[in-house]
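Visitor: One structure is given below, represented as structure tokens, and several questions about it will come after.
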Amino acid sequence: MTSADATPSLAALRTLLVLGVVLIMLATTGWTTIRHRPASGPSMEAALAAWARERTGDVPPPDPATAPPRAVAAWFAALGPARSEGLAERHPLVVGNLDGAPPSLRYRANRIGLARALAAERPRLDDPRLSADGRHEARRRVDRFASLLAPGRRILAFDPTGTGRAAEVLGDLERARRVSVVVPGVDTNLLTFQKTNGRYTAPAGMARALYEAERRTSPRARVAVIAWADYTAPARVGVDAVTGRLAASGADRLVRMTEGLPGTARVALFCHSYGSVLCGLAAPRLPERVTDLTVAGSPGMRVGTAAELDTRARIWAMRDDADWIADVPHLEVVGVGHGADPVEPEFGARLVSAAGAAGHSGYFEPGTGSLDNFAAIGTGAFGQVVCARADSACHGGISGGTGV
């Protein structure tokens, strides 16, 4: 057999392998796609329609879908605090999710939006038309809204529509010199944004662990961490999880969020599992202030090598030895699968230790080498990063690294 004969056979084998994996997923998990629940309160669709009718003089407000975040920021700066707060009161779901709006204004708007969502959801607790499962979900939503309203929480994004989305800030985002963004993976939604059991497997717990680790790593550094669950993630490991559709729409949202951050802080992304697919698709369009992109437990980044990400950000990768994601075929055929394995040396990422992570969901657990490495990267303390190999190759080409 010639090499020309071998190539189609290999491609066919790879295609069959991917299709086999998908069939196994369908047989074991069902055809899992996102299912949206009816809204019990004001919907984002209605909120956007009302926003479009708003006028300041004869000038319409910026279009949330098309206005660049910098233009949004300039519009609010010209508007002034009093009129901005009036908009937050009248249109909390829009202002609270508008990239480029001042963070403090978004926090205020989202408190209003949460309070209204909570008031709309409470009557469902005793609604006789609901099934037991429906009332249980209503109870979970009431509990989630109430917890997000707790004093001191800074909610950067909140949308109760469907499975829901949220983002939370830890630290002073407007004064930070280093901002870290946690981008989670499968099964991320409003109800799983935080957990009591398995706290550090949920976005809020991941971000809290990273924030505290960064403050220990560089006590003098001005840091902020964002738990960013502001995209529609796949529900369980099903069809949506092995394709890039949801990652592509999430990547658009991630790019806008990073473009809309205040100040000039350097930004590091920490992308777990399916979140790394999203980050890979976002990479070519990220602003230059995003200097580091770290993936953990990645099924792939939709490229063959780190160079194909076409970004100036440093690419870091880690995987725990017990992470089941290693058994997933790292390839992409006709849109199924997510490409090469980021922890393979030929991919070209900086390989760092995940010591102690204990499986696919343990990377943000306090006391692990993986979390310590995240904190060192997030604060710019690169001398404290522990490479995956003894040759310290992950440190190559980095100068400085005090993190202050």
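Chain labels run A, B, ... following the order of the structure tokens; each chain numbers its residues from 1, and ligands are numbered from 1 in the order shown.
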Return as a ChimeraX atom specification the full set of residues in segment 121-280 of chain A whose backbone-based DSSP assignment is helix (DSSP H, G or I).
Guide: /A:121-126,132-148,199-201,203-217,239-242,245-259,274-280
Visitor: Calculated over only C-alpha atoms, which of the candidates A:Thr311, A:Thr201, A:Thr258, A:Ser43 has the smallest distance to Ala357 of chain A?
Guide: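 Of A:Thr311, A:Thr201, A:Thr258, A:Ser43, the one nearest Ala357 of chain A is A:Thr201, counting only C-alpha atoms.
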Visitor: Can you tell me, as a PyMOL selection string, which residues in segment 52-185 of chain A count as strand (DSSP E) by DSSP?
Guide: chain A and resi 154-159+165-171+178-183
Visitor: How about saving the chosen residues, all heavy atoms kept, as a compact mmCIF listing (two decimals), in the first residue's frame?
Guide:
# COMPACT_ATOMS: atom_id res chain seq x y z
N ARG A 154 -20.67 40.88 44.06
CA ARG A 154 -20.60 41.78 42.92
C ARG A 154 -20.93 40.97 41.67
O ARG A 154 -20.07 40.28 41.11
CB ARG A 154 -19.19 42.38 42.81
CG ARG A 154 -18.85 43.27 44.01
CD ARG A 154 -17.38 43.61 44.02
NE ARG A 154 -17.08 44.61 45.06
CZ ARG A 154 -15.85 44.94 45.43
NH1 ARG A 154 -14.80 44.36 44.87
NH2 ARG A 154 -15.67 45.87 46.35
N ILE A 155 -22.16 41.06 41.23
CA ILE A 155 -22.64 40.26 40.10
C ILE A 155 -22.48 41.07 38.82
O ILE A 155 -23.13 42.09 38.62
CB ILE A 155 -24.11 39.84 40.32
CG1 ILE A 155 -24.26 39.12 41.67
CG2 ILE A 155 -24.56 38.94 39.18
CD1 ILE A 155 -23.34 37.93 41.87
N LEU A 156 -21.60 40.60 37.97
CA LEU A 156 -21.27 41.32 36.74
C LEU A 156 -22.23 41.00 35.60
O LEU A 156 -22.36 41.78 34.66
CB LEU A 156 -19.83 40.97 36.31
CG LEU A 156 -19.24 41.77 35.16
CD1 LEU A 156 -19.02 43.23 35.57
CD2 LEU A 156 -17.93 41.14 34.68
N ALA A 157 -22.89 39.86 35.67
CA ALA A 157 -23.85 39.47 34.64
C ALA A 157 -24.91 38.59 35.28
O ALA A 157 -24.60 37.76 36.13
CB ALA A 157 -23.16 38.74 33.49
N PHE A 158 -26.15 38.77 34.84
CA PHE A 158 -27.25 37.95 35.35
C PHE A 158 -28.35 37.92 34.32
O PHE A 158 -28.87 38.95 33.91
CB PHE A 158 -27.80 38.50 36.67
CG PHE A 158 -29.11 37.87 37.07
CD1 PHE A 158 -29.16 36.54 37.47
CD2 PHE A 158 -30.29 38.60 37.03
CE1 PHE A 158 -30.38 35.95 37.81
CE2 PHE A 158 -31.51 38.03 37.38
CZ PHE A 158 -31.54 36.70 37.77
N ASP A 159 -28.70 36.71 33.88
CA ASP A 159 -29.81 36.52 32.95
C ASP A 159 -30.56 35.26 33.38
O ASP A 159 -30.01 34.16 33.29
CB ASP A 159 -29.29 36.36 31.51
CG ASP A 159 -30.40 36.17 30.49
OD1 ASP A 159 -31.58 36.13 30.90
OD2 ASP A 159 -30.08 36.06 29.29
N ARG A 165 -27.67 32.48 33.06
CA ARG A 165 -26.24 32.79 32.98
C ARG A 165 -25.89 33.77 34.10
O ARG A 165 -26.74 34.52 34.57
CB ARG A 165 -25.89 33.42 31.63
CG ARG A 165 -26.11 32.52 30.44
CD ARG A 165 -25.48 33.09 29.19
NE ARG A 165 -26.18 34.28 28.72
CZ ARG A 165 -26.92 34.31 27.62
NH1 ARG A 165 -27.10 33.22 26.89
NH2 ARG A 165 -27.50 35.44 27.24
N ALA A 166 -24.62 33.76 34.50
CA ALA A 166 -24.18 34.68 35.55
C ALA A 166 -22.67 34.86 35.48
O ALA A 166 -21.95 34.03 34.91
CB ALA A 166 -24.58 34.15 36.93
N ALA A 167 -22.21 35.95 36.06
CA ALA A 167 -20.78 36.18 36.27
C ALA A 167 -20.63 36.99 37.55
O ALA A 167 -21.46 37.85 37.85
CB ALA A 167 -20.17 36.93 35.09
N GLU A 168 -19.56 36.70 38.28
CA GLU A 168 -19.33 37.37 39.56
C GLU A 168 -17.89 37.83 39.66
O GLU A 168 -16.97 37.13 39.18
CB GLU A 168 -19.65 36.44 40.72
CG GLU A 168 -19.45 37.08 42.10
CD GLU A 168 -19.83 36.19 43.25
OE1 GLU A 168 -20.02 34.97 43.03
OE2 GLU A 168 -19.95 36.69 44.38
N VAL A 169 -17.68 38.99 40.28
CA VAL A 169 -16.35 39.54 40.47
C VAL A 169 -15.93 39.40 41.92
O VAL A 169 -16.70 39.72 42.84
CB VAL A 169 -16.31 41.03 40.05
CG1 VAL A 169 -14.96 41.66 40.39
CG2 VAL A 169 -16.62 41.18 38.57
N LEU A 170 -14.71 38.96 42.12
CA LEU A 170 -14.07 38.96 43.44
C LEU A 170 -12.91 39.94 43.38
O LEU A 170 -12.07 39.86 42.49
CB LEU A 170 -13.57 37.55 43.80
CG LEU A 170 -14.64 36.45 43.82
CD1 LEU A 170 -14.00 35.09 44.00
CD2 LEU A 170 -15.65 36.71 44.92
N GLY A 171 -12.89 40.90 44.31
CA GLY A 171 -11.87 41.92 44.28
C GLY A 171 -12.38 43.20 43.62
O GLY A 171 -13.55 43.30 43.25
N ARG A 178 -4.13 43.03 37.76
CA ARG A 178 -4.19 41.69 37.19
C ARG A 178 -5.61 41.16 37.34
O ARG A 178 -6.17 41.17 38.45
CB ARG A 178 -3.24 40.74 37.92
CG ARG A 178 -1.76 41.10 37.81
CD ARG A 178 -1.14 40.44 36.60
NE ARG A 178 0.27 40.74 36.48
CZ ARG A 178 1.06 40.25 35.52
NH1 ARG A 178 0.55 39.43 34.62
NH2 ARG A 178 2.33 40.58 35.46
N VAL A 179 -6.22 40.73 36.25
CA VAL A 179 -7.56 40.17 36.27
C VAL A 179 -7.51 38.74 35.74
O VAL A 179 -6.96 38.49 34.67
CB VAL A 179 -8.53 41.00 35.41
CG1 VAL A 179 -9.90 40.32 35.33
CG2 VAL A 179 -8.67 42.41 35.97
N SER A 180 -8.05 37.81 36.51
CA SER A 180 -8.13 36.42 36.08
C SER A 180 -9.60 36.08 35.80
O SER A 180 -10.49 36.48 36.55
CB SER A 180 -7.59 35.49 37.17
OG SER A 180 -6.21 35.71 37.37
N VAL A 181 -9.83 35.33 34.74
CA VAL A 181 -11.18 34.94 34.35
C VAL A 181 -11.28 33.42 34.32
O VAL A 181 -10.51 32.77 33.60
CB VAL A 181 -11.56 35.51 32.96
CG1 VAL A 181 -12.99 35.14 32.60
CG2 VAL A 181 -11.36 37.03 32.93
N VAL A 182 -12.18 32.87 35.11
CA VAL A 182 -12.43 31.43 35.12
C VAL A 182 -13.53 31.12 34.12
O VAL A 182 -14.65 31.63 34.23
CB VAL A 182 -12.83 30.95 36.53
CG1 VAL A 182 -13.20 29.47 36.51
CG2 VAL A 182 -11.69 31.20 37.52
N VAL A 183 -13.21 30.27 33.13
CA VAL A 183 -14.17 29.89 32.08
C VAL A 183 -14.48 28.40 32.26
O VAL A 183 -13.67 27.55 31.91
CB VAL A 183 -13.60 30.16 30.68
CG1 VAL A 183 -14.64 29.82 29.60
CG2 VAL A 183 -13.15 31.61 30.54
Visitor: List the spatial neighbours of segment 58-74 of chain A as a PyMOL selection string - criterion: any atom at most 6 Å away, only C-alpha atoms, same-chain residues fewer than 3 positions off excluded.
Guide: chain A and resi 55+77+99-101+260
Visitor: Quick one: residues within 8 Å of segment 104-112 of chain A, only C-alpha atoms, excluding same-chain residues fewer than 3 positions away - as number ranges by chain?
Guide: A: 84-85, 88-89, 91-93, 95-98, 101, 115-116, 149, 154-158
Visitor: Please produce a file of the residues just selected, as an mmCIF file, in the first residue's frame, where the atoms kept are N, CA, C and O atoms.
Guide:
data_model
loop_
_atom_site.group_PDB
_atom_site.id
_atom_site.type_symbol
_atom_site.label_atom_id
_atom_site.label_comp_id
_atom_site.auth_asym_id
_atom_site.auth_seq_id
_atom_site.Cartn_x
_atom_site.Cartn_y
_atom_site.Cartn_z
ATOM 1 N N SER A 84 -27.446 57.461 34.347
ATOM 2 C CA SER A 84 -27.039 56.054 34.234
ATOM 3 C C SER A 84 -27.773 55.190 35.256
ATOM 4 O O SER A 84 -28.245 54.084 34.946
ATOM 5 N N GLU A 85 -27.883 55.695 36.479
ATOM 6 C CA GLU A 85 -28.586 54.941 37.518
ATOM 7 C C GLU A 85 -30.077 54.818 37.202
ATOM 8 O O GLU A 85 -30.701 53.798 37.515
ATOM 9 N N ALA A 88 -30.351 51.953 34.873
ATOM 10 C CA ALA A 88 -30.193 50.686 35.590
ATOM 11 C C ALA A 88 -31.491 50.293 36.293
ATOM 12 O O ALA A 88 -31.843 49.106 36.341
ATOM 13 N N GLU A 89 -32.215 51.280 36.797
ATOM 14 C CA GLU A 89 -33.488 51.010 37.465
ATOM 15 C C GLU A 89 -34.554 50.563 36.474
ATOM 16 O O GLU A 89 -35.332 49.636 36.747
ATOM 17 N N HIS A 91 -34.015 49.413 33.273
ATOM 18 C CA HIS A 91 -33.607 48.329 32.368
ATOM 19 C C HIS A 91 -32.497 47.474 32.989
ATOM 20 O O HIS A 91 -31.407 47.343 32.436
ATOM 21 N N PRO A 92 -32.752 46.866 34.143
ATOM 22 C CA PRO A 92 -31.665 46.167 34.840
ATOM 23 C C PRO A 92 -31.099 44.978 34.069
ATOM 24 O O PRO A 92 -29.879 44.736 34.120
ATOM 25 N N LEU A 93 -31.934 44.242 33.348
ATOM 26 C CA LEU A 93 -31.415 43.074 32.633
ATOM 27 C C LEU A 93 -30.492 43.466 31.490
ATOM 28 O O LEU A 93 -29.585 42.710 31.138
ATOM 29 N N VAL A 95 -28.736 46.714 31.269
ATOM 30 C CA VAL A 95 -27.565 47.416 31.813
ATOM 31 C C VAL A 95 -26.659 46.451 32.575
ATOM 32 O O VAL A 95 -25.434 46.529 32.487
ATOM 33 N N GLY A 96 -27.251 45.508 33.302
ATOM 34 C CA GLY A 96 -26.457 44.573 34.087
ATOM 35 C C GLY A 96 -25.637 43.615 33.258
ATOM 36 O O GLY A 96 -24.707 42.983 33.770
ATOM 37 N N ASN A 97 -25.941 43.491 31.969
ATOM 38 C CA ASN A 97 -25.223 42.569 31.087
ATOM 39 C C ASN A 97 -24.520 43.281 29.937
ATOM 40 O O ASN A 97 -24.081 42.619 28.985
ATOM 41 N N LEU A 98 -24.387 44.592 30.047
ATOM 42 C CA LEU A 98 -23.886 45.387 28.927
ATOM 43 C C LEU A 98 -22.383 45.602 29.047
ATOM 44 O O LEU A 98 -21.905 46.397 29.863
ATOM 45 N N ALA A 101 -20.289 48.972 30.085
ATOM 46 C CA ALA A 101 -20.901 49.773 31.154
ATOM 47 C C ALA A 101 -20.032 49.694 32.403
ATOM 48 O O ALA A 101 -19.371 48.676 32.640
ATOM 49 N N ALA A 115 -33.506 40.925 42.402
ATOM 50 C CA ALA A 115 -34.632 41.126 43.306
ATOM 51 C C ALA A 115 -35.962 40.936 42.577
ATOM 52 O O ALA A 115 -36.906 40.323 43.103
ATOM 53 N N ARG A 116 -36.056 41.415 41.344
ATOM 54 C CA ARG A 116 -37.289 41.261 40.576
ATOM 55 C C ARG A 116 -37.492 39.800 40.158
ATOM 56 O O ARG A 116 -38.620 39.295 40.166
ATOM 57 N N LEU A 149 -27.941 37.587 45.878
ATOM 58 C CA LEU A 149 -28.271 38.896 46.448
ATOM 59 C C LEU A 149 -27.614 39.148 47.792
ATOM 60 O O LEU A 149 -27.797 40.219 48.380
ATOM 61 N N ARG A 154 -20.673 40.880 44.063
ATOM 62 C CA ARG A 154 -20.597 41.779 42.915
ATOM 63 C C ARG A 154 -20.930 40.969 41.665
ATOM 64 O O ARG A 154 -20.071 40.277 41.110
ATOM 65 N N ILE A 155 -22.161 41.057 41.229
ATOM 66 C CA ILE A 155 -22.639 40.258 40.102
ATOM 67 C C ILE A 155 -22.483 41.072 38.822
ATOM 68 O O ILE A 155 -23.133 42.091 38.620
ATOM 69 N N LEU A 156 -21.604 40.599 37.966
ATOM 70 C CA LEU A 156 -21.268 41.320 36.740
ATOM 71 C C LEU A 156 -22.227 40.996 35.601
ATOM 72 O O LEU A 156 -22.358 41.781 34.657
ATOM 73 N N ALA A 157 -22.889 39.858 35.671
ATOM 74 C CA ALA A 157 -23.854 39.470 34.641
ATOM 75 C C ALA A 157 -24.910 38.587 35.279
ATOM 76 O O ALA A 157 -24.598 37.755 36.134
ATOM 77 N N PHE A 158 -26.152 38.767 34.844
ATOM 78 C CA PHE A 158 -27.246 37.951 35.352
ATOM 79 C C PHE A 158 -28.353 37.917 34.322
ATOM 80 O O PHE A 158 -28.872 38.955 33.913
#
Visitor: What's around Ala282 of chain A at 9 Å? Count only C-alpha atoms, leave out sequence neighbours fewer than 2 positions away in its own chain, and write the answer as a VMD selection string.
Guide: chain A and resid 247 to 248 250 to 255 277 to 280 284 to 286 309
Visitor: Counting only C-alpha atoms, what is within 9 Å of Asn189 of chain A, bar same-chain residues fewer than 2 positions away, as a count of residues only?
Guide: 15
Visitor: Identify which of the residues A:Pro219, A:Gly300, A:Pro366, A:Gly263 lies closest to Ala176 of chain A, counting only C-alpha atoms when measuring atom-to-atom distances.
Guide: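 Ranked by minimum distance to Ala176 of chain A, first place goes to A:Gly263.
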Visitor: Between atom CA of Ala119 of chain A and atom CA of Ala202 of chain A, what is the distance, to one decimal in Å?
Guide: 25.4 Å
Visitor: How many Å lie between atom CA of Lys195 of chain A and atom CA of Arg144 of chain A, rounded to one decimal?
Guide: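 Interatomic distance, atom CA of Lys195 of chain A to atom CA of Arg144 of chain A: 9.9 Å.
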Visitor: Looking at A:Ser147, A:Thr243, A:Ala213, A:Leu261, which one is nearest to Pro103 of chain A, with distances taken over only C-alpha atoms?
Guide: A:Leu261
Visitor: Which value, in Å to one decimal, gives the distance between atom CA of Phe364 of chain A and atom CA of Leu293 of chain A?
Guide: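 These atoms are spaced 15.7 Å apart.
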Visitor: Pick the closest to Leu246 of chain A from A:Gly304, A:Gly134, A:Pro329, A:Gly185: which is it, counting only C-alpha atoms?
Guide: A:Gly185
Visitor: Just want the 12 Å neighbourhood of Ala120 of chain A, counted on only C-alpha atoms, with same-chain residues fewer than 2 positions away dropped. Output as a ChimeraX atom specification.
Guide: /A:39-43,113-118,122-125,138,141-142,145,160
Visitor: Restricting it to N, CA, C and O atoms, dump the selection as a PDB file, in the first residue's frame.
Guide:
ATOM      1  N   ALA A  39     -40.038  31.418  30.958  1.00  0.00           N
ATOM      2  CA  ALA A  39     -39.619  32.450  31.900  1.00  0.00           C
ATOM      3  C   ALA A  39     -40.758  32.782  32.852  1.00  0.00           C
ATOM      4  O   ALA A  39     -41.906  32.950  32.441  1.00  0.00           O
ATOM      5  N   SER A  40     -40.448  32.870  34.163  1.00  0.00           N
ATOM      6  CA  SER A  40     -41.471  33.225  35.140  1.00  0.00           C
ATOM      7  C   SER A  40     -41.462  34.709  35.448  1.00  0.00           C
ATOM      8  O   SER A  40     -42.351  35.208  36.131  1.00  0.00           O
ATOM      9  N   GLY A  41     -40.481  35.421  34.984  1.00  0.00           N
ATOM     10  CA  GLY A  41     -40.385  36.852  35.221  1.00  0.00           C
ATOM     11  C   GLY A  41     -40.065  37.569  33.925  1.00  0.00           C
ATOM     12  O   GLY A  41     -40.235  37.018  32.833  1.00  0.00           O
ATOM     13  N   PRO A  42     -39.601  38.812  34.004  1.00  0.00           N
ATOM     14  CA  PRO A  42     -39.242  39.562  32.798  1.00  0.00           C
ATOM     15  C   PRO A  42     -38.181  38.816  31.988  1.00  0.00           C
ATOM     16  O   PRO A  42     -37.188  38.346  32.526  1.00  0.00           O
ATOM     17  N   SER A  43     -38.401  38.690  30.688  1.00  0.00           N
ATOM     18  CA  SER A  43     -37.459  37.973  29.833  1.00  0.00           C
ATOM     19  C   SER A  43     -36.445  38.937  29.235  1.00  0.00           C
ATOM     20  O   SER A  43     -36.702  40.143  29.116  1.00  0.00           O
ATOM     21  N   GLY A 113     -32.209  43.455  39.118  1.00  0.00           N
ATOM     22  CA  GLY A 113     -32.711  42.353  38.310  1.00  0.00           C
ATOM     23  C   GLY A 113     -32.921  41.087  39.127  1.00  0.00           C
ATOM     24  O   GLY A 113     -33.917  40.369  38.951  1.00  0.00           O
ATOM     25  N   LEU A 114     -31.987  40.801  40.024  1.00  0.00           N
ATOM     26  CA  LEU A 114     -32.118  39.623  40.888  1.00  0.00           C
ATOM     27  C   LEU A 114     -33.319  39.744  41.815  1.00  0.00           C
ATOM     28  O   LEU A 114     -34.062  38.777  42.015  1.00  0.00           O
ATOM     29  N   ALA A 115     -33.506  40.925  42.402  1.00  0.00           N
ATOM     30  CA  ALA A 115     -34.632  41.126  43.306  1.00  0.00           C
ATOM     31  C   ALA A 115     -35.962  40.936  42.577  1.00  0.00           C
ATOM     32  O   ALA A 115     -36.906  40.323  43.103  1.00  0.00           O
ATOM     33  N   ARG A 116     -36.056  41.415  41.344  1.00  0.00           N
ATOM     34  CA  ARG A 116     -37.289  41.261  40.576  1.00  0.00           C
ATOM     35  C   ARG A 116     -37.492  39.800  40.158  1.00  0.00           C
ATOM     36  O   ARG A 116     -38.620  39.295  40.166  1.00  0.00           O
ATOM     37  N   ALA A 117     -36.406  39.130  39.788  1.00  0.00           N
ATOM     38  CA  ALA A 117     -36.516  37.715  39.425  1.00  0.00           C
ATOM     39  C   ALA A 117     -36.941  36.885  40.628  1.00  0.00           C
ATOM     40  O   ALA A 117     -37.740  35.945  40.503  1.00  0.00           O
ATOM     41  N   LEU A 118     -36.410  37.223  41.793  1.00  0.00           N
ATOM     42  CA  LEU A 118     -36.778  36.506  43.014  1.00  0.00           C
ATOM     43  C   LEU A 118     -38.262  36.698  43.329  1.00  0.00           C
ATOM     44  O   LEU A 118     -38.976  35.739  43.669  1.00  0.00           O
ATOM     45  N   ARG A 122     -40.924  33.409  43.430  1.00  0.00           N
ATOM     46  CA  ARG A 122     -41.475  32.915  44.707  1.00  0.00           C
ATOM     47  C   ARG A 122     -42.885  32.348  44.593  1.00  0.00           C
ATOM     48  O   ARG A 122     -43.175  31.315  45.209  1.00  0.00           O
ATOM     49  N   PRO A 123     -43.795  32.971  43.843  1.00  0.00           N
ATOM     50  CA  PRO A 123     -45.147  32.393  43.758  1.00  0.00           C
ATOM     51  C   PRO A 123     -45.175  30.986  43.165  1.00  0.00           C
ATOM     52  O   PRO A 123     -46.126  30.229  43.415  1.00  0.00           O
ATOM     53  N   ARG A 124     -44.154  30.628  42.399  1.00  0.00           N
ATOM     54  CA  ARG A 124     -44.124  29.298  41.799  1.00  0.00           C
ATOM     55  C   ARG A 124     -43.915  28.200  42.842  1.00  0.00           C
ATOM     56  O   ARG A 124     -44.204  27.026  42.565  1.00  0.00           O
ATOM     57  N   LEU A 125     -43.427  28.552  44.012  1.00  0.00           N
ATOM     58  CA  LEU A 125     -43.175  27.541  45.038  1.00  0.00           C
ATOM     59  C   LEU A 125     -44.452  26.819  45.443  1.00  0.00           C
ATOM     60  O   LEU A 125     -44.413  25.639  45.826  1.00  0.00           O
ATOM     61  N   ALA A 138     -38.163  25.438  41.081  1.00  0.00           N
ATOM     62  CA  ALA A 138     -38.484  26.785  41.548  1.00  0.00           C
ATOM     63  C   ALA A 138     -37.789  27.071  42.867  1.00  0.00           C
ATOM     64  O   ALA A 138     -37.265  28.180  43.080  1.00  0.00           O
ATOM     65  N   ARG A 141     -34.176  27.812  42.187  1.00  0.00           N
ATOM     66  CA  ARG A 141     -33.982  29.138  41.603  1.00  0.00           C
ATOM     67  C   ARG A 141     -34.152  30.227  42.664  1.00  0.00           C
ATOM     68  O   ARG A 141     -33.368  31.194  42.702  1.00  0.00           O
ATOM     69  N   VAL A 142     -35.143  30.076  43.524  1.00  0.00           N
ATOM     70  CA  VAL A 142     -35.321  31.044  44.615  1.00  0.00           C
ATOM     71  C   VAL A 142     -34.075  31.076  45.488  1.00  0.00           C
ATOM     72  O   VAL A 142     -33.572  32.156  45.852  1.00  0.00           O
ATOM     73  N   PHE A 145     -31.192  32.848  43.508  1.00  0.00           N
ATOM     74  CA  PHE A 145     -31.352  34.300  43.426  1.00  0.00           C
ATOM     75  C   PHE A 145     -31.053  34.943  44.782  1.00  0.00           C
ATOM     76  O   PHE A 145     -30.371  35.980  44.860  1.00  0.00           O
ATOM     77  N   PRO A 160     -31.793  35.396  33.880  1.00  0.00           N
ATOM     78  CA  PRO A 160     -32.534  34.232  34.360  1.00  0.00           C
ATOM     79  C   PRO A 160     -33.221  33.432  33.264  1.00  0.00           C
ATOM     80  O   PRO A 160     -33.843  32.408  33.536  1.00  0.00           O
TER      81      PRO A 160
END
